[in-house]
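Enquirer: Here you go, input.cif (mmCIF, C-alpha atoms):
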data_start
#
loop_
_atom_site.label_atom_id
_atom_site.label_comp_id
_atom_site.auth_asym_id
_atom_site.auth_seq_id
_atom_site.Cartn_x
_atom_site.Cartn_y
_atom_site.Cartn_z
CA MET A 25 0.00 0.00 0.00
CA HIS A 26 1.43 3.40 -0.97
CA VAL A 27 1.49 6.32 1.47
CA THR A 28 1.47 9.90 0.17
CA ARG A 29 4.73 11.53 1.27
CA HIS A 30 4.07 13.34 4.55
CA LEU A 31 0.28 13.42 4.39
CA LYS A 32 -2.76 13.83 2.19
CA LEU A 33 -4.93 16.76 3.16
CA SER A 34 -8.16 15.04 2.17
CA ALA A 35 -7.41 12.33 4.73
CA LEU A 36 -6.11 14.50 7.55
CA PRO A 37 -8.36 12.95 10.22
CA VAL A 38 -6.96 9.52 9.26
CA LEU A 39 -3.69 10.70 8.59
CA LEU A 40 7.69 12.98 14.85
CA SER A 41 8.65 19.42 22.32
CA ILE A 42 8.17 20.09 19.83
CA ILE A 43 9.26 17.00 22.35
CA LEU A 44 10.32 13.83 20.56
CA LEU A 45 12.28 11.27 22.59
CA ALA A 46 13.89 8.21 21.10
CA LEU A 47 15.58 5.52 23.13
CA PRO A 48 17.80 2.68 21.97
CA ARG A 49 16.23 -0.74 22.07
CA PRO A 50 17.85 -3.32 24.36
CA GLY A 51 21.11 -4.54 22.85
CA LEU A 52 21.21 -1.70 20.32
CA ALA A 53 24.88 -0.98 20.98
CA GLN A 54 25.72 -4.46 19.77
CA THR A 55 24.14 -3.85 16.36
CA ALA A 56 26.44 -0.91 15.38
CA LEU A 57 23.62 0.74 13.47
CA THR A 58 24.14 4.33 12.33
CA VAL A 59 21.57 6.77 10.99
CA ASP A 60 23.28 8.22 7.92
CA THR A 61 20.67 10.88 7.27
CA LEU A 62 17.88 12.09 9.55
CA ASP A 63 15.21 14.57 8.50
CA VAL A 64 12.77 15.97 11.07
CA ARG A 65 9.97 18.23 9.89
CA ILE A 66 7.90 20.16 12.42
CA TRP A 67 4.62 21.66 11.25
CA PRO A 68 2.94 23.55 14.13
CA GLU A 69 -0.84 23.96 13.84
CA PHE A 70 -0.87 22.40 10.39
CA ASP A 71 -4.17 20.53 10.50
CA LYS A 72 -4.69 20.20 14.26
CA PRO A 73 -3.96 22.51 17.22
CA SER A 74 -0.79 20.51 17.90
CA ALA A 75 2.51 19.89 16.13
CA LEU A 76 2.68 17.45 13.26
CA VAL A 77 6.14 15.86 13.47
CA ILE A 78 7.49 13.93 10.49
CA VAL A 79 10.69 11.90 10.91
CA GLY A 80 12.52 10.15 8.09
CA GLY A 81 15.91 8.52 7.90
CA GLN A 82 18.20 5.80 6.61
CA VAL A 83 20.35 3.47 8.70
CA SER A 84 23.51 1.60 7.79
CA GLY A 85 25.63 -0.97 9.59
CA ALA A 86 23.01 -3.72 9.75
CA PRO A 87 24.41 -7.23 9.13
CA GLY A 88 21.58 -7.64 6.65
CA PHE A 89 18.06 -6.58 5.86
CA PRO A 90 15.33 -6.44 6.96
CA VAL A 91 16.32 -4.67 10.19
CA ASP A 92 14.33 -3.99 13.35
CA LEU A 93 14.29 -0.39 14.60
CA THR A 94 12.80 0.89 17.84
CA PHE A 95 12.00 4.48 18.78
CA ALA A 96 10.37 5.97 21.86
CA LEU A 97 7.67 8.58 21.41
CA PRO A 98 6.76 11.16 24.06
CA ALA A 99 3.72 10.61 26.23
CA THR A 100 2.08 13.57 24.45
CA ALA A 101 2.41 11.99 21.00
CA ALA A 102 -0.30 10.29 18.97
CA LEU A 103 1.21 7.98 16.37
CA ASN A 104 -0.13 8.71 12.91
CA ALA A 105 1.83 6.69 10.34
CA VAL A 106 4.78 4.31 9.97
CA ALA A 107 6.34 3.65 6.58
CA TYR A 108 9.59 3.23 4.63
CA ASP A 109 11.00 4.56 1.36
CA ASP A 110 11.10 1.80 -1.24
CA GLY A 111 14.10 3.40 -2.96
CA THR A 112 12.12 5.21 -5.63
CA GLY A 113 10.80 7.95 -3.34
CA ALA A 114 7.51 6.17 -2.72
CA LEU A 115 6.49 5.59 0.88
CA LEU A 116 5.02 2.19 1.68
CA THR A 117 3.20 1.49 4.94
CA LEU A 118 4.84 -0.76 7.51
CA GLU A 119 3.33 -2.86 10.23
CA SER A 120 4.56 -1.69 13.63
CA SER A 121 4.16 -2.74 17.23
CA VAL A 122 3.65 -0.36 20.14
CA GLU A 123 4.52 -1.20 23.73
CA GLY A 124 4.10 1.72 26.07
CA ASN A 125 5.82 4.59 24.27
CA LEU A 126 8.10 2.28 22.23
CA VAL A 127 7.38 1.88 18.53
CA THR A 128 9.13 -1.00 16.74
CA LEU A 129 9.17 -1.42 12.99
CA THR A 130 10.90 -3.79 10.59
CA SER A 131 12.43 -1.97 7.62
CA PRO A 132 13.17 -3.96 4.46
CA ASN A 133 16.00 -1.61 3.44
CA GLY A 134 16.97 0.44 6.52
CA SER A 135 14.80 3.46 5.74
CA PHE A 136 12.08 4.66 8.11
CA HIS A 137 9.30 7.25 8.15
CA ILE A 138 7.30 8.06 11.28
CA GLU A 139 4.56 10.66 11.74
CA PHE A 140 2.85 11.71 14.93
CA TYR A 141 0.90 14.60 16.38
CA ASP A 142 2.45 16.10 19.51
CA LEU A 143 0.06 17.76 21.94
CA ALA A 144 3.05 19.39 23.67
CA LEU A 145 2.60 22.48 21.52
CA ASN A 146 1.67 25.08 24.13
CA ILE A 147 -1.04 27.59 23.20
CA ASP A 148 -1.59 30.41 25.69
CA GLY A 149 -3.73 33.12 24.16
CA GLN A 150 -1.71 34.44 21.22
CA GLU A 151 1.52 32.92 22.52
CA ARG A 152 2.79 29.60 21.14
CA SER A 153 5.83 27.59 22.22
CA TYR A 154 7.27 24.18 21.47
CA ASP A 155 10.42 22.29 22.52
CA LEU A 156 12.37 19.39 21.08
CA ASN A 157 14.76 17.27 23.15
CA TRP A 158 15.37 14.04 21.31
CA ALA A 159 18.19 11.51 21.61
CA VAL A 160 17.78 9.31 18.57
CA GLY A 161 19.24 6.22 20.22
CA TYR A 162 21.54 5.58 17.25
CA PRO A 163 24.59 7.58 16.12
CA VAL A 164 23.60 10.16 13.49
CA ALA A 165 25.96 11.32 10.74
CA GLN A 166 23.80 14.16 9.41
CA ALA A 167 20.54 15.56 10.80
CA THR A 168 18.29 18.34 9.58
CA ILE A 169 15.33 19.87 11.43
CA GLU A 170 12.96 21.90 9.29
CA VAL A 171 10.35 24.02 11.07
CA GLN A 172 7.43 25.34 9.05
CA GLN A 173 6.19 28.80 10.07
CA PRO A 174 2.37 29.07 10.07
CA PRO A 175 1.24 31.68 7.54
CA THR A 176 -0.35 34.00 10.15
CA ALA A 177 2.45 33.61 12.73
CA THR A 178 4.47 36.67 13.79
CA GLY A 179 7.51 37.14 16.03
CA PHE A 180 8.82 33.69 15.13
CA THR A 181 11.98 32.77 17.09
CA LEU A 182 14.04 29.61 17.00
CA THR A 183 16.80 28.44 19.37
CA PRO A 184 19.35 27.55 18.13
CA ALA A 185 19.03 30.05 15.31
CA ALA A 186 18.34 28.63 11.89
CA SER A 187 21.37 28.04 9.70
CA ARG A 188 19.23 29.03 6.74
CA VAL A 189 15.69 30.12 5.94
CA THR A 190 13.90 29.04 2.79
CA THR A 191 10.41 28.34 1.45
CA ASP A 192 8.91 24.88 1.39
CA SER A 193 6.63 23.18 -1.14
CA PHE A 194 3.64 25.04 0.36
CA ASN A 195 5.48 28.33 -0.30
CA LEU A 196 5.70 28.89 3.45
CA THR A 197 8.75 30.10 5.38
CA SER A 198 10.83 27.17 6.56
CA HIS A 199 13.57 27.45 9.21
CA ILE A 200 16.44 24.93 8.89
CA VAL A 201 18.72 23.74 11.73
CA GLU A 202 21.49 21.26 10.96
CA TYR A 203 23.46 18.84 13.14
CA SER A 204 26.26 16.38 12.42
CA ASN A 205 28.20 13.56 14.05
CA LEU A 206 25.84 12.94 16.96
CA ALA A 207 26.42 10.09 19.39
CA ALA A 208 23.49 7.82 20.19
CA ASP A 209 22.70 9.75 23.39
CA ASP A 210 23.39 13.26 22.05
CA PRO A 211 20.03 15.05 21.97
CA LEU A 212 18.66 17.14 19.17
CA THR A 213 17.45 20.23 21.04
CA LEU A 214 15.32 23.03 19.67
CA SER A 215 12.88 25.60 21.04
CA LEU A 216 10.46 27.76 19.08
CA THR A 217 8.07 30.54 19.99
CA TYR A 218 5.71 32.71 17.97
CA GLN A 219 2.54 34.76 18.25
CA LYS A 220 -0.67 34.07 16.40
CA ALA A 221 -3.79 36.18 16.73
CA ASP A 222 -6.11 33.53 15.31
CA ASP A 223 -6.75 29.82 15.64
CA SER A 224 -6.55 29.08 11.91
CA LEU A 225 -4.83 25.91 10.77
CA THR A 226 -2.21 26.04 8.02
CA PHE A 227 -3.91 23.57 5.70
CA GLU A 228 -6.99 25.79 5.50
CA ALA A 229 -5.03 28.23 3.35
CA PHE A 230 -4.73 25.52 0.69
CA GLN A 231 -8.36 24.37 0.72
CA PRO A 232 -10.60 25.75 -2.04
CA ALA A 233 -14.04 26.97 -1.03
CA GLY A 234 -15.62 23.74 -2.20
CA GLY A 235 -13.05 21.48 -0.47
CA GLY A 236 -12.35 18.00 -1.73
CA VAL A 237 -8.80 18.58 -2.93
CA SER A 238 -5.73 16.57 -2.02
CA LEU A 239 -2.30 18.16 -1.64
CA SER A 240 0.98 16.66 -0.50
CA GLY A 241 3.99 18.36 1.02
CA ASP A 242 7.44 17.18 -0.14
#
Please, can you express the file's structure as structure tokens?
Expert:
Amino acid sequence: MHVTRHLKLSALPVLLSIILLALPRPGLAQTALTVDTLDVRIWPEFDKPSALVIVGGQVSGAPGFPVDLTFALPATAALNAVAYDDGTGALLTLESSVEGNLVTLTSPNGSFHIEFYDLALNIDGQERSYDLNWAVGYPVAQATIEVQQPPTATGFTLTPAASRVTTDSFNLTSHIVEYSNLAADDPLTLSLTYQKADDSLTFEAFQPAGGGVSLSGD
């Protein structure tokens, strides 16, 4: 079964503080797995009054494939999708098991894609804030965190400061933070704040008056 990359807006109800925590599975150190590339996309207030967190990556160092991978999600997270990249850019759904906050998947080729909604996005009147403190549980060669700025957000701040600012496939401002050579227990840390005078959700800006359209972010 194919999964639209990131999400399909027509299936938002069906379809990683921010706080994403990942812990190594028992015996992980013996497997010598390394995450070569890790991409984390954070979309605050995209289609729910929470943060949609999208995590994708590729591991190496497995003695063979398929390979089991285990990640720990925060208590405030609601798992939305688990998939892998089949090598052509298509995302295919994966069966996964959940025990407490641990999510285990079996990847046929070492790639992984996890989506969840994090209720840890704090909304206090017009003030918004979100924090990330995530130790992947595997060494990471290169990591990128991309934070999407809601279209009506003002006073957007990010700590650490973005290494670059660009526009994403929705033509929205996107703040990029990059990391490299992380040990398994080195956390990815990030804090964001902004003001927003309304409760609009980002996806609403891309919905025609009649609705019924599907868009995908890439």
Enquirer: Hey, can you check how far CA of Gly88 in chain A sits from CA of Ser135 in chain A?
Expert: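 Separation of CA of Gly88 in chain A and CA of Ser135 in chain A: 13.0 Å.
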Enquirer: Can you tell me which residues surround range 197-203 of chain A at a distance of at most 9 Å, considering all atoms listed in the file, apart from same-chain residues fewer than 6 positions away, and format the answer as a list in words?
Expert: Val164, Ala165, Gln166, Ala167, Thr168, Ile169, Glu170, Val171, Gln172, Gln173, Pro174, Pro175, Leu182, Pro184, Ala185, Ala186, Ser187, Arg188, Val189, Thr190, Thr191, Leu212 and Leu214 of chain A
Enquirer: Given the selection you just returned, output its residues as a file containing C-alpha atoms, formatted as a short mmCIF file (atom, residue, chain, number, x, y, z; two decimals), in the coordinates of the input.
Expert:
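Heads up, here's the output in again.cif:
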data_model
loop_
_atom_site.label_atom_id
_atom_site.label_comp_id
_atom_site.auth_asym_id
_atom_site.auth_seq_id
_atom_site.Cartn_x
_atom_site.Cartn_y
_atom_site.Cartn_z
CA VAL A 164 23.60 10.16 13.49
CA ALA A 165 25.96 11.32 10.74
CA GLN A 166 23.80 14.16 9.41
CA ALA A 167 20.54 15.56 10.80
CA THR A 168 18.29 18.34 9.58
CA ILE A 169 15.33 19.87 11.43
CA GLU A 170 12.96 21.90 9.29
CA VAL A 171 10.35 24.02 11.07
CA GLN A 172 7.43 25.34 9.05
CA GLN A 173 6.19 28.80 10.07
CA PRO A 174 2.37 29.07 10.07
CA PRO A 175 1.24 31.68 7.54
CA LEU A 182 14.04 29.61 17.00
CA PRO A 184 19.35 27.55 18.13
CA ALA A 185 19.03 30.05 15.31
CA ALA A 186 18.34 28.63 11.89
CA SER A 187 21.37 28.04 9.70
CA ARG A 188 19.23 29.03 6.74
CA VAL A 189 15.69 30.12 5.94
CA THR A 190 13.90 29.04 2.79
CA THR A 191 10.41 28.34 1.45
CA LEU A 212 18.66 17.14 19.17
CA LEU A 214 15.32 23.03 19.67
#
Enquirer: Draw an axis-aligned box tight on the listed atoms of range 215-232 of chain A, then pad every side by 5 Å and write out centre and edge lengths in Å to one decimal as JSON.
Expert:
{"center_x": 1.1, "center_y": 29.9, "center_z": 9.5, "size_x": 33.5, "size_y": 22.6, "size_z": 33.1}
Enquirer: Work out how far CA of Thr94 in chain A is from CA of Leu129 in chain A, in Å to one decimal.
Expert: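 Interatomic distance, CA of Leu129 in chain A to CA of Thr94 in chain A: 6.5 Å.
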Enquirer: Evaluated on this file, the PyMOL selection byres ((chain A and resi 157) around 6) picks out some residues - which ones are they, written as a PDB file with C-alpha atoms, in the coordinates of the input?
Expert:
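Below is the file out.pdb, written as the result:
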ATOM      1  CA  ILE A  43       9.260  17.000  22.350  1.00  0.00           C
ATOM      2  CA  LEU A 156      12.370  19.390  21.080  1.00  0.00           C
ATOM      3  CA  TRP A 158      15.370  14.040  21.310  1.00  0.00           C
ATOM      4  CA  PRO A 211      20.030  15.050  21.970  1.00  0.00           C
ATOM      5  CA  LEU A 212      18.660  17.140  19.170  1.00  0.00           C
ATOM      6  CA  THR A 213      17.450  20.230  21.040  1.00  0.00           C
TER       7      THR A 213
END
Enquirer: Just say which residues the PyMOL selection byres ((chain A and resi 121) around 12) picks in this file, as number ranges by chain.
Expert: A: 92-96, 103, 105-106, 118-120, 122-130
Enquirer: Decode the PyMOL selection byres ((chain A and resi 217-234) around 10) for the given file into explicit residues and return them as a ChimeraX atom specification.
Expert: /A:33-34,36,67-74,145-155,172-183,194,196,215-216,235-239
Enquirer: Which residue is closest to Pro90 in chain A? Choose from A:Ser131, A:Phe140, A:Leu206, A:Asp192 and count all atoms listed in the file.
Expert: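 With all atoms listed in the file as the atom set, the closest residue is A:Ser131.
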Enquirer: Excluding Ala207 in chain A and any residue of its chain fewer than 3 positions from it, enumerate the residues within 8 Å of it, using only C-alpha atoms, and give them as a list in words.
Expert: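 Near neighbours after the sequence-gap exclusion: Tyr162, Pro163, Val164 and Asp210 of chain A.
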Enquirer: When distances are computed from all atoms listed in the file, which of A:Val160, A:Val59, A:Leu143, A:Val91 shows the smallest separation from Ala75 in chain A?
Expert: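 Closest candidate: A:Leu143.
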Enquirer: What's the 7 Å shell around His137 in chain A, counting all atoms listed in the file, without same-chain residues fewer than 2 positions away, as a PyMOL selection string?
Expert: chain A and resi 79-81+106-108+139
Enquirer: What separation in Å, quoted to one decimal, exists between CA of Ile66 in chain A and CA of Ala101 in chain A?
Expert: 13.1 Å
